[in-house]
Every structure is written in structure tokens, then in C-alpha cells.
file structure_21.cif (mmCIF, N, CA and C atoms)
data_upload
loop_
_atom_site.label_atom_id
_atom_site.label_comp_id
_atom_site.auth_asym_id
_atom_site.auth_seq_id
_atom_site.Cartn_x
_atom_site.Cartn_y
_atom_site.Cartn_z
N MET A 1 30.01 31.34 -24.77
CA MET A 1 30.01 29.92 -25.06
C MET A 1 28.55 29.47 -25.16
N PRO A 2 28.20 28.75 -26.22
CA PRO A 2 26.82 28.31 -26.37
C PRO A 2 26.47 27.26 -25.32
N ARG A 3 25.28 27.33 -24.88
CA ARG A 3 24.80 26.37 -23.88
C ARG A 3 24.35 25.10 -24.59
N LEU A 4 24.87 23.97 -24.15
CA LEU A 4 24.50 22.69 -24.74
C LEU A 4 23.29 22.13 -24.02
N PRO A 5 22.35 21.60 -24.74
CA PRO A 5 21.17 21.03 -24.09
C PRO A 5 21.54 19.76 -23.33
N VAL A 6 20.83 19.53 -22.26
CA VAL A 6 21.01 18.30 -21.51
C VAL A 6 20.27 17.21 -22.27
N LEU A 7 20.97 16.14 -22.55
CA LEU A 7 20.35 15.04 -23.27
C LEU A 7 19.60 14.15 -22.29
N VAL A 8 18.33 14.00 -22.53
CA VAL A 8 17.49 13.16 -21.69
C VAL A 8 17.15 11.92 -22.49
N PRO A 9 17.31 10.76 -21.90
CA PRO A 9 16.98 9.55 -22.64
C PRO A 9 15.55 9.62 -23.18
N LEU A 10 15.41 9.26 -24.45
CA LEU A 10 14.11 9.32 -25.10
C LEU A 10 13.07 8.49 -24.37
N SER A 11 13.49 7.38 -23.80
CA SER A 11 12.54 6.53 -23.10
C SER A 11 11.95 7.25 -21.89
N LEU A 12 12.75 8.08 -21.20
CA LEU A 12 12.24 8.81 -20.05
C LEU A 12 11.26 9.89 -20.49
N VAL A 13 11.62 10.63 -21.52
CA VAL A 13 10.71 11.67 -22.01
C VAL A 13 9.42 11.03 -22.50
N SER A 14 9.52 9.94 -23.21
CA SER A 14 8.35 9.23 -23.69
C SER A 14 7.49 8.76 -22.52
N ALA A 15 8.12 8.24 -21.51
CA ALA A 15 7.37 7.76 -20.35
C ALA A 15 6.66 8.90 -19.65
N LEU A 16 7.30 10.06 -19.57
CA LEU A 16 6.68 11.19 -18.88
C LEU A 16 5.54 11.80 -19.69
N THR A 17 5.72 11.89 -20.99
CA THR A 17 4.73 12.59 -21.79
C THR A 17 3.70 11.69 -22.43
N LEU A 18 3.99 10.42 -22.55
CA LEU A 18 3.05 9.52 -23.20
C LEU A 18 2.46 8.50 -22.25
N GLY A 19 2.66 8.69 -20.96
CA GLY A 19 2.00 7.83 -19.99
C GLY A 19 2.71 6.53 -19.71
N GLY A 20 3.96 6.41 -20.06
CA GLY A 20 4.66 5.16 -19.84
C GLY A 20 4.73 4.75 -18.39
N PHE A 21 4.85 5.71 -17.49
CA PHE A 21 4.92 5.37 -16.07
C PHE A 21 3.61 4.82 -15.57
N ALA A 22 2.52 5.16 -16.22
CA ALA A 22 1.22 4.69 -15.76
C ALA A 22 1.11 3.18 -15.88
N HIS A 23 2.00 2.55 -16.61
CA HIS A 23 1.89 1.12 -16.82
C HIS A 23 3.02 0.34 -16.17
N LEU A 24 3.78 0.98 -15.28
CA LEU A 24 4.80 0.26 -14.55
C LEU A 24 4.14 -0.65 -13.53
N PRO A 25 4.75 -1.79 -13.21
CA PRO A 25 4.19 -2.64 -12.18
C PRO A 25 4.05 -1.87 -10.87
N GLY A 26 2.92 -2.01 -10.24
CA GLY A 26 2.67 -1.34 -8.98
C GLY A 26 2.02 0.01 -9.13
N THR A 27 1.86 0.49 -10.35
CA THR A 27 1.21 1.77 -10.57
C THR A 27 -0.21 1.51 -11.03
N PRO A 28 -1.21 1.97 -10.28
CA PRO A 28 -2.58 1.69 -10.66
C PRO A 28 -2.97 2.38 -11.95
N THR A 29 -3.70 1.69 -12.80
CA THR A 29 -4.20 2.30 -14.02
C THR A 29 -5.72 2.24 -14.07
N THR A 30 -6.32 1.34 -13.36
CA THR A 30 -7.77 1.26 -13.34
C THR A 30 -8.24 0.99 -11.93
N ARG A 31 -9.55 1.10 -11.76
CA ARG A 31 -10.11 0.86 -10.44
C ARG A 31 -10.79 -0.50 -10.42
N GLY A 32 -11.10 -0.95 -9.23
CA GLY A 32 -11.85 -2.19 -9.09
C GLY A 32 -11.12 -3.17 -8.21
N ASP A 33 -11.86 -4.12 -7.67
CA ASP A 33 -11.30 -5.09 -6.75
C ASP A 33 -10.29 -6.01 -7.41
N ASP A 34 -10.43 -6.24 -8.71
CA ASP A 34 -9.51 -7.14 -9.38
C ASP A 34 -8.51 -6.42 -10.27
N GLY A 35 -8.42 -5.11 -10.16
CA GLY A 35 -7.52 -4.32 -11.00
C GLY A 35 -6.11 -4.30 -10.45
N PRO A 36 -5.21 -3.63 -11.16
CA PRO A 36 -3.81 -3.57 -10.76
C PRO A 36 -3.60 -2.95 -9.39
N ALA A 37 -4.42 -1.95 -9.03
CA ALA A 37 -4.23 -1.31 -7.73
C ALA A 37 -4.45 -2.32 -6.61
N ALA A 38 -5.50 -3.10 -6.70
CA ALA A 38 -5.79 -4.09 -5.67
C ALA A 38 -4.73 -5.18 -5.64
N ALA A 39 -4.25 -5.57 -6.81
CA ALA A 39 -3.26 -6.64 -6.89
C ALA A 39 -1.97 -6.27 -6.20
N HIS A 40 -1.67 -4.98 -6.14
CA HIS A 40 -0.42 -4.54 -5.53
C HIS A 40 -0.64 -3.92 -4.15
N GLY A 41 -1.83 -4.08 -3.60
CA GLY A 41 -2.10 -3.56 -2.27
C GLY A 41 -2.12 -2.04 -2.21
N VAL A 42 -2.49 -1.39 -3.29
CA VAL A 42 -2.51 0.06 -3.36
C VAL A 42 -3.91 0.54 -3.02
N ALA A 43 -4.00 1.71 -2.40
CA ALA A 43 -5.29 2.27 -2.01
C ALA A 43 -6.21 2.43 -3.21
N ALA A 44 -7.51 2.33 -2.97
CA ALA A 44 -8.50 2.46 -4.04
C ALA A 44 -8.45 3.87 -4.63
N SER A 45 -8.69 3.96 -5.92
CA SER A 45 -8.60 5.22 -6.64
C SER A 45 -9.88 6.03 -6.53
N ALA A 46 -9.72 7.34 -6.46
CA ALA A 46 -10.86 8.25 -6.52
C ALA A 46 -10.88 8.99 -7.85
N VAL A 47 -10.05 8.56 -8.78
CA VAL A 47 -9.95 9.19 -10.09
C VAL A 47 -11.07 8.65 -10.97
N PRO A 48 -11.81 9.54 -11.64
CA PRO A 48 -12.90 9.06 -12.50
C PRO A 48 -12.40 8.12 -13.60
N ASP A 49 -13.14 7.04 -13.80
CA ASP A 49 -12.77 6.08 -14.84
C ASP A 49 -12.67 6.74 -16.21
N SER A 50 -13.56 7.70 -16.47
CA SER A 50 -13.55 8.35 -17.79
C SER A 50 -12.24 9.11 -18.02
N ALA A 51 -11.67 9.69 -16.96
CA ALA A 51 -10.40 10.41 -17.11
C ALA A 51 -9.28 9.44 -17.41
N ILE A 52 -9.27 8.29 -16.74
CA ILE A 52 -8.25 7.28 -16.98
C ILE A 52 -8.38 6.74 -18.41
N GLU A 53 -9.61 6.49 -18.84
CA GLU A 53 -9.83 5.99 -20.20
C GLU A 53 -9.35 6.99 -21.25
N GLU A 54 -9.65 8.26 -21.05
CA GLU A 54 -9.20 9.29 -21.98
C GLU A 54 -7.67 9.38 -21.99
N TYR A 55 -7.09 9.32 -20.83
CA TYR A 55 -5.63 9.37 -20.72
C TYR A 55 -4.99 8.20 -21.45
N GLU A 56 -5.48 7.01 -21.18
CA GLU A 56 -4.91 5.81 -21.80
C GLU A 56 -5.12 5.79 -23.31
N ALA A 57 -6.15 6.48 -23.79
CA ALA A 57 -6.40 6.58 -25.24
C ALA A 57 -5.56 7.68 -25.89
N GLY A 58 -4.77 8.40 -25.09
CA GLY A 58 -3.92 9.46 -25.63
C GLY A 58 -4.61 10.79 -25.75
N ARG A 59 -5.81 10.91 -25.18
CA ARG A 59 -6.54 12.18 -25.22
C ARG A 59 -6.28 12.94 -23.91
N PHE A 60 -5.05 13.44 -23.81
CA PHE A 60 -4.57 14.03 -22.57
C PHE A 60 -5.32 15.30 -22.20
N TRP A 61 -5.58 16.15 -23.19
CA TRP A 61 -6.28 17.40 -22.91
C TRP A 61 -7.66 17.10 -22.33
N HIS A 62 -8.36 16.15 -22.92
CA HIS A 62 -9.70 15.82 -22.44
C HIS A 62 -9.64 15.19 -21.04
N ALA A 63 -8.66 14.35 -20.80
CA ALA A 63 -8.48 13.78 -19.46
C ALA A 63 -8.26 14.88 -18.44
N ALA A 64 -7.46 15.88 -18.80
CA ALA A 64 -7.21 17.00 -17.89
C ALA A 64 -8.49 17.78 -17.62
N ARG A 65 -9.31 17.99 -18.64
CA ARG A 65 -10.58 18.72 -18.43
C ARG A 65 -11.49 17.95 -17.48
N ILE A 66 -11.56 16.63 -17.63
CA ILE A 66 -12.39 15.81 -16.75
C ILE A 66 -11.91 15.94 -15.31
N LEU A 67 -10.60 15.84 -15.13
CA LEU A 67 -10.04 15.92 -13.78
C LEU A 67 -10.21 17.31 -13.17
N GLU A 68 -10.05 18.34 -13.98
CA GLU A 68 -10.21 19.70 -13.47
C GLU A 68 -11.64 20.00 -13.07
N ALA A 69 -12.60 19.25 -13.62
CA ALA A 69 -14.00 19.45 -13.27
C ALA A 69 -14.37 18.80 -11.93
N GLU A 70 -13.48 17.96 -11.42
CA GLU A 70 -13.73 17.31 -10.13
C GLU A 70 -13.63 18.35 -9.02
N PRO A 71 -14.57 18.33 -8.06
CA PRO A 71 -14.57 19.35 -7.00
C PRO A 71 -13.33 19.30 -6.11
N GLU A 72 -12.90 18.11 -5.74
CA GLU A 72 -11.71 17.99 -4.89
C GLU A 72 -10.92 16.77 -5.33
N LEU A 73 -9.71 17.00 -5.79
CA LEU A 73 -8.84 15.89 -6.18
C LEU A 73 -7.88 15.57 -5.05
N ASP A 74 -7.74 14.29 -4.75
CA ASP A 74 -6.74 13.88 -3.78
C ASP A 74 -5.38 13.85 -4.49
N ALA A 75 -4.36 13.39 -3.78
CA ALA A 75 -3.01 13.38 -4.36
C ALA A 75 -2.96 12.53 -5.63
N GLU A 76 -3.67 11.40 -5.65
CA GLU A 76 -3.65 10.56 -6.85
C GLU A 76 -4.30 11.27 -8.03
N GLY A 77 -5.41 11.94 -7.80
CA GLY A 77 -6.08 12.68 -8.86
C GLY A 77 -5.20 13.79 -9.41
N ARG A 78 -4.48 14.45 -8.52
CA ARG A 78 -3.59 15.52 -8.97
C ARG A 78 -2.39 14.96 -9.73
N LEU A 79 -1.93 13.76 -9.37
CA LEU A 79 -0.86 13.12 -10.15
C LEU A 79 -1.35 12.77 -11.55
N TRP A 80 -2.57 12.24 -11.66
CA TRP A 80 -3.14 11.96 -12.98
C TRP A 80 -3.29 13.25 -13.77
N LEU A 81 -3.69 14.33 -13.09
CA LEU A 81 -3.83 15.62 -13.75
C LEU A 81 -2.48 16.10 -14.27
N ALA A 82 -1.44 15.96 -13.45
CA ALA A 82 -0.09 16.36 -13.88
C ALA A 82 0.36 15.54 -15.09
N ARG A 83 0.10 14.24 -15.06
CA ARG A 83 0.45 13.39 -16.21
C ARG A 83 -0.30 13.82 -17.46
N ALA A 84 -1.60 14.13 -17.30
CA ALA A 84 -2.41 14.55 -18.45
C ALA A 84 -1.87 15.86 -19.02
N HIS A 85 -1.56 16.82 -18.15
CA HIS A 85 -0.99 18.09 -18.63
C HIS A 85 0.34 17.84 -19.35
N ALA A 86 1.16 16.95 -18.82
CA ALA A 86 2.44 16.64 -19.47
C ALA A 86 2.20 16.04 -20.85
N GLY A 87 1.13 15.28 -20.98
CA GLY A 87 0.83 14.63 -22.24
C GLY A 87 0.60 15.60 -23.38
N TYR A 88 0.05 16.78 -23.06
CA TYR A 88 -0.11 17.77 -24.12
C TYR A 88 0.78 19.00 -23.87
N ARG A 89 1.82 18.79 -23.09
CA ARG A 89 2.90 19.75 -22.87
C ARG A 89 2.44 21.08 -22.28
N HIS A 90 1.54 20.99 -21.34
CA HIS A 90 1.09 22.18 -20.61
C HIS A 90 1.86 22.20 -19.29
N TRP A 91 3.08 22.74 -19.36
CA TRP A 91 4.01 22.61 -18.25
C TRP A 91 3.60 23.38 -17.01
N ASP A 92 2.99 24.55 -17.17
CA ASP A 92 2.50 25.29 -16.00
C ASP A 92 1.42 24.48 -15.28
N GLY A 93 0.60 23.77 -16.05
CA GLY A 93 -0.43 22.91 -15.47
C GLY A 93 0.17 21.76 -14.69
N VAL A 94 1.28 21.20 -15.21
CA VAL A 94 1.97 20.13 -14.49
C VAL A 94 2.45 20.64 -13.14
N LEU A 95 3.11 21.79 -13.15
CA LEU A 95 3.64 22.35 -11.90
C LEU A 95 2.52 22.67 -10.91
N ALA A 96 1.42 23.22 -11.40
CA ALA A 96 0.30 23.54 -10.52
C ALA A 96 -0.31 22.27 -9.93
N ALA A 97 -0.44 21.22 -10.73
CA ALA A 97 -1.02 19.98 -10.25
C ALA A 97 -0.12 19.30 -9.22
N LEU A 98 1.18 19.42 -9.39
CA LEU A 98 2.12 18.77 -8.46
C LEU A 98 2.31 19.55 -7.17
N GLU A 99 1.89 20.79 -7.14
CA GLU A 99 2.09 21.65 -5.97
C GLU A 99 1.54 20.99 -4.70
N GLY A 100 2.42 20.80 -3.73
CA GLY A 100 2.02 20.28 -2.43
C GLY A 100 1.92 18.76 -2.33
N ILE A 101 2.15 18.03 -3.41
CA ILE A 101 2.10 16.57 -3.34
C ILE A 101 3.46 16.08 -2.83
N THR A 102 3.43 15.34 -1.75
CA THR A 102 4.67 14.81 -1.19
C THR A 102 4.95 13.42 -1.75
N PRO A 103 6.20 13.00 -1.74
CA PRO A 103 6.51 11.64 -2.18
C PRO A 103 5.75 10.58 -1.36
N GLU A 104 5.53 10.88 -0.09
CA GLU A 104 4.80 9.94 0.76
C GLU A 104 3.35 9.81 0.31
N ALA A 105 2.72 10.93 -0.04
CA ALA A 105 1.34 10.89 -0.51
C ALA A 105 1.25 10.15 -1.83
N ALA A 106 2.22 10.35 -2.71
CA ALA A 106 2.23 9.66 -4.00
C ALA A 106 2.43 8.16 -3.79
N ALA A 107 3.25 7.80 -2.83
CA ALA A 107 3.55 6.39 -2.58
C ALA A 107 2.32 5.62 -2.12
N VAL A 108 1.40 6.29 -1.47
CA VAL A 108 0.16 5.64 -1.02
C VAL A 108 -0.57 5.04 -2.22
N PHE A 109 -0.47 5.67 -3.37
CA PHE A 109 -1.16 5.21 -4.57
C PHE A 109 -0.23 4.45 -5.52
N GLY A 110 0.95 4.08 -5.03
CA GLY A 110 1.86 3.27 -5.83
C GLY A 110 2.70 4.04 -6.81
N THR A 111 2.77 5.36 -6.68
CA THR A 111 3.58 6.17 -7.59
C THR A 111 4.97 6.34 -7.01
N PRO A 112 6.00 5.91 -7.73
CA PRO A 112 7.36 6.08 -7.23
C PRO A 112 7.72 7.55 -7.07
N ALA A 113 8.50 7.85 -6.03
CA ALA A 113 8.93 9.23 -5.80
C ALA A 113 9.71 9.77 -7.00
N GLY A 114 10.45 8.90 -7.67
CA GLY A 114 11.21 9.34 -8.84
C GLY A 114 10.32 9.88 -9.94
N GLU A 115 9.13 9.28 -10.12
CA GLU A 115 8.21 9.79 -11.14
C GLU A 115 7.74 11.19 -10.78
N LEU A 116 7.41 11.39 -9.52
CA LEU A 116 6.95 12.69 -9.05
C LEU A 116 8.00 13.76 -9.36
N TRP A 117 9.26 13.48 -9.00
CA TRP A 117 10.33 14.43 -9.23
C TRP A 117 10.66 14.58 -10.71
N SER A 118 10.55 13.50 -11.48
CA SER A 118 10.83 13.57 -12.92
C SER A 118 9.82 14.44 -13.64
N LEU A 119 8.55 14.27 -13.29
CA LEU A 119 7.51 15.12 -13.89
C LEU A 119 7.80 16.59 -13.62
N GLY A 120 8.13 16.87 -12.37
CA GLY A 120 8.46 18.25 -12.01
C GLY A 120 9.69 18.76 -12.72
N ALA A 121 10.70 17.90 -12.87
CA ALA A 121 11.94 18.31 -13.54
C ALA A 121 11.69 18.65 -15.00
N VAL A 122 10.94 17.83 -15.69
CA VAL A 122 10.64 18.10 -17.10
C VAL A 122 9.87 19.41 -17.21
N ALA A 123 8.86 19.59 -16.36
CA ALA A 123 8.04 20.81 -16.42
C ALA A 123 8.87 22.05 -16.11
N LEU A 124 9.72 21.97 -15.09
CA LEU A 124 10.57 23.11 -14.75
C LEU A 124 11.53 23.44 -15.89
N GLY A 125 12.11 22.41 -16.48
CA GLY A 125 13.03 22.63 -17.59
C GLY A 125 12.34 23.27 -18.78
N GLU A 126 11.17 22.78 -19.11
CA GLU A 126 10.42 23.33 -20.24
C GLU A 126 9.94 24.75 -19.96
N ALA A 127 9.75 25.07 -18.69
CA ALA A 127 9.32 26.42 -18.31
C ALA A 127 10.50 27.38 -18.20
N GLY A 128 11.73 26.88 -18.46
CA GLY A 128 12.91 27.74 -18.43
C GLY A 128 13.49 27.94 -17.04
N ARG A 129 13.06 27.16 -16.09
CA ARG A 129 13.56 27.27 -14.72
C ARG A 129 14.63 26.20 -14.52
N ASP A 130 15.79 26.45 -15.13
CA ASP A 130 16.85 25.44 -15.21
C ASP A 130 17.42 25.03 -13.87
N ALA A 131 17.62 25.95 -12.95
CA ALA A 131 18.18 25.60 -11.65
C ALA A 131 17.23 24.65 -10.91
N GLY A 132 15.95 24.95 -10.95
CA GLY A 132 14.96 24.08 -10.31
C GLY A 132 14.89 22.73 -10.99
N ALA A 133 15.00 22.72 -12.32
CA ALA A 133 14.97 21.46 -13.06
C ALA A 133 16.17 20.59 -12.70
N ASP A 134 17.35 21.21 -12.62
CA ASP A 134 18.55 20.45 -12.27
C ASP A 134 18.41 19.82 -10.88
N ALA A 135 17.90 20.59 -9.93
CA ALA A 135 17.72 20.06 -8.57
C ALA A 135 16.68 18.94 -8.56
N ALA A 136 15.61 19.09 -9.33
CA ALA A 136 14.57 18.06 -9.38
C ALA A 136 15.10 16.79 -10.05
N TRP A 137 15.91 16.94 -11.11
CA TRP A 137 16.49 15.75 -11.75
C TRP A 137 17.41 15.02 -10.77
N ALA A 138 18.21 15.78 -10.02
CA ALA A 138 19.10 15.15 -9.05
C ALA A 138 18.30 14.37 -8.01
N ARG A 139 17.20 14.95 -7.57
CA ARG A 139 16.33 14.27 -6.60
C ARG A 139 15.66 13.03 -7.21
N ALA A 140 15.26 13.13 -8.47
CA ALA A 140 14.63 11.98 -9.15
C ALA A 140 15.61 10.83 -9.26
N VAL A 141 16.85 11.13 -9.62
CA VAL A 141 17.87 10.09 -9.74
C VAL A 141 18.16 9.48 -8.37
N GLU A 142 18.23 10.32 -7.35
CA GLU A 142 18.50 9.86 -6.00
C GLU A 142 17.42 8.90 -5.49
N LEU A 143 16.17 9.24 -5.78
CA LEU A 143 15.05 8.44 -5.26
C LEU A 143 14.64 7.29 -6.17
N GLY A 144 15.12 7.33 -7.40
CA GLY A 144 14.82 6.25 -8.35
C GLY A 144 13.56 6.47 -9.01
#

call {"tool": "encode", "arguments": {"input": "structure_21.cif", "output": "C-alpha cells"}}
result
Amino acid sequence: MPRLPVLVPLSLVSALTLGGFAHLPGTPTTRGDDGPAAAHGVAASAVPDSAIEEYEAGRFWHAARILEAEPELDAEGRLWLARAHAGYRHWDGVLAALEGITPEAAAVFGTPAGELWSLGAVALGEAGRDAGADAAWARAVELG
């Protein structure tokens, strides 16, 4: 029996690969005292402005290179790195960047746990790890 692909809403795939989640209310996109992070009471970002600018301009590969050049990325930096890798469909890079990031650590920077699990689910699915992708999607739906 042929295996039917799981249909994923286009809006979700677009949000994961084109940075749509980066612009949800409560998700920081820039740094500064008057930026979105401060407005929502989110911790200050340690992500280089140039990486965010490249990401927002759709230059995901370049954003990833900037972030990879950073000596030590915190959980927020690694989330931006995972988003950048997803932007140019480097799924192994997404999985590596997400390794060890907990939903609690992501929440400190205003990232919903559902986004964390969704990024992982897409990457696992694209890497052919269907059982892991199914479990990650279930967790993403559960956590919102």
C-alpha cells in the first residue's frame, strides 16, 4: 500500500521556513529598550543584530553563518540558528541547533514551546525520521 504524505497546513510550513513565527506577538525580533522584546517583558537578546537583519531579509544562509561564528550561543541564539537553517532547508542543522534546548529555556525569550517542537518535527520529517517527527508533531499540538 502506498504511503500517503501527511498534509501540513501551508501556513505552518511557511511560518517555519520563512520566519513567520519570528513576528508573532511576544516573540522578539530586534534588540533594544523600546523593541518588541522589552515591550513583552522578554529577556534582552544576545543575538547579533546583523544576524537578525539577514534573517528578516530572507538571507537565511548568511544569518546562519553569522550565528555559527559566535563563540557561545545561548538558547535564543540557537533558536535563531535553527530558524535560519530551516529557512534554507538544512534540516540536520536545525536538529543540531535545537539539541538540548528545553521549552523552558525557549520561553525565557518569548518563544512558544509549540514552535520549538514544530521546528523539530519538520526537520525530523524531512530527514526521514518519521516516528520522531510524529511524536514531535503530537507534542507541538499538545503545547500549542

call {"tool": "resolve_selection", "arguments": {"input": "structure_21.cif", "expression": "the PyMOL selection byres (((chain A and resi 114 and name CA) around 12) and name CA)", "output": "list in words"}}
result
Leu12, Leu16, Phe21, Thr102, Pro103, Glu104, Ala106, Ala107, Gly110, Thr111, Pro112, Ala113, Glu115, Leu116, Trp117, Ser118, Leu119, Gly120, Ala121, Ala136, Trp137, Ala138, Arg139, Ala140, Val141, Glu142, Leu143 and Gly144 of chain A

call {"tool": "residues_around", "arguments": {"input": "structure_21.cif", "residues": "Ala84 in chain A", "least_positions_apart": "2", "cutoff": "7 Å", "atoms": "all atoms listed in the file", "output": "number ranges by chain"}}
result
A: 55, 59-61, 63-64, 79-82, 86-90

call {"tool": "atom_distance", "arguments": {"input": "structure_21.cif", "atom1": "atom C of His62 in chain A", "atom2": "atom C of His85 in chain A"}}
result
10.5 Å

call {"tool": "atom_distance", "arguments": {"input": "structure_21.cif", "atom1": "CA of Pro71 in chain A", "atom2": "atom N of Gly128 in chain A"}}
result
29.7 Å

call {"tool": "atom_distance", "arguments": {"input": "structure_21.cif", "atom1": "atom N of Val94 in chain A", "atom2": "CA of Ala123 in chain A"}}
result
6.9 Å

call {"tool": "closest_residue", "arguments": {"input": "structure_21.cif", "among": "A:Ala97, A:Ala75, A:Val108, A:Trp91", "to": "Gly125 in chain A", "atoms": "only C-alpha atoms"}}
result
A:Trp91

call {"tool": "closest_residue", "arguments": {"input": "structure_21.cif", "among": "A:Arg65, A:Ala133, A:Ala96, A:Val47", "to": "Gly77 in chain A", "atoms": "only N, CA and C atoms"}}
result
A:Val47

call {"tool": "closest_residue", "arguments": {"input": "structure_21.cif", "among": "A:Ala69, A:Leu124, A:Ala131, A:Ala105", "to": "Gly93 in chain A", "atoms": "only C-alpha atoms"}}
result
A:Leu124
